[in-house]
Amino acid sequence: MLVTSDLSVILTDFSSAFKPIYLPLDDPSDFSFFFDTSARRTCYIAPERFYAADSETAKKKPRKEGKEDEIGTRDGRVTEEMDVFSCGCVLAELWTDGRAVFNLSELFAYKAGTLGLDGLLDNIDDPHVKASLDSSKYRPRLIVTGYD
């Protein structure tokens, strides 16, 4: 995430050409290999990028003969909403003095609706920031205009 002098945010991922878009819920190895490089165990990947073995996403995965579950790395498209979720997580961490928003198991609980962010958002004093991070179906999301 890059921030310009006029406080615009530019989302970047220099290694996105080989990272999978969708990740299985029941096998954290892809997450660990591709996304958990900081050793902080944080997970700011949009919840909709994780799929269950019996989901429609899993049924669309190409299977190679002799490989149980090898999938193509570019098996979809990262959407604006997915990027904005990740950006919202980073901004929430910045506004809470470095407190991690999610680890992998917390993100799964958040996706399932059994974990909320009320305690985390309560630590943010600025009402505009709090409203931005609390503005959509999968909090934290931001309202973005001019996303290219």
# chains A, B, ... in the order shown; residues from 1 in each chain; ligands from 1

$ closest_atom_pairs --of "region 109-138 of chain A" --to "region 11-32 of chain A" --cutoff "12 Å" --atoms "only C-alpha atoms" --output "CSV"
residue,atom,partner,partner_atom,distance
A:Ala109,CA,A:Leu25,CA,11.3
A:Lys111,CA,A:Leu25,CA,10.7
A:Ala112,CA,A:Leu25,CA,11.4

$ write_last_selection --atoms "all heavy atoms" --output "JSON list (two decimals), in the first residue's frame"
[["chain", "number", "residue", "atom", "x", "y", "z"],
["A", 109, "ALA", "N", -13.30, -17.06, 11.31],
["A", 109, "ALA", "CA", -14.41, -16.80, 12.23],
["A", 109, "ALA", "C", -15.19, -15.56, 11.80],
["A", 109, "ALA", "O", -16.42, -15.53, 11.88],
["A", 109, "ALA", "CB", -13.88, -16.64, 13.66],
["A", 111, "LYS", "N", -15.44, -14.48, 8.70],
["A", 111, "LYS", "CA", -16.19, -14.89, 7.50],
["A", 111, "LYS", "C", -17.45, -15.65, 7.91],
["A", 111, "LYS", "O", -18.51, -15.48, 7.31],
["A", 111, "LYS", "CB", -15.29, -15.77, 6.61],
["A", 111, "LYS", "CG", -15.98, -16.30, 5.37],
["A", 111, "LYS", "CD", -15.01, -17.17, 4.56],
["A", 111, "LYS", "CE", -15.68, -17.88, 3.44],
["A", 111, "LYS", "NZ", -15.96, -17.06, 2.29],
["A", 112, "ALA", "N", -17.36, -16.48, 8.93],
["A", 112, "ALA", "CA", -18.50, -17.27, 9.40],
["A", 112, "ALA", "C", -19.49, -16.43, 10.22],
["A", 112, "ALA", "O", -20.58, -16.90, 10.53],
["A", 112, "ALA", "CB", -18.01, -18.45, 10.24]]

$ select_by_dssp --residues "region 9-120 of chain A" --states "alpha helix (DSSP H)" --output "PyMOL selection string"
chain A and resi 29-34+56-60+80-95+104-112+118-120

$ closest_residue --among "A:Ala58, A:Asp118, A:Thr42, A:His128" --to "Val101 (chain A)" --atoms "only C-alpha atoms"
A:Thr42

$ atom_distance --atom1 "CA of Glu48 (chain A)" --atom2 "CA of Asp125 (chain A)"
29.0 Å

$ atom_distance --atom1 "CA of Gly76 (chain A)" --atom2 "CA of Val90 (chain A)"
23.4 Å
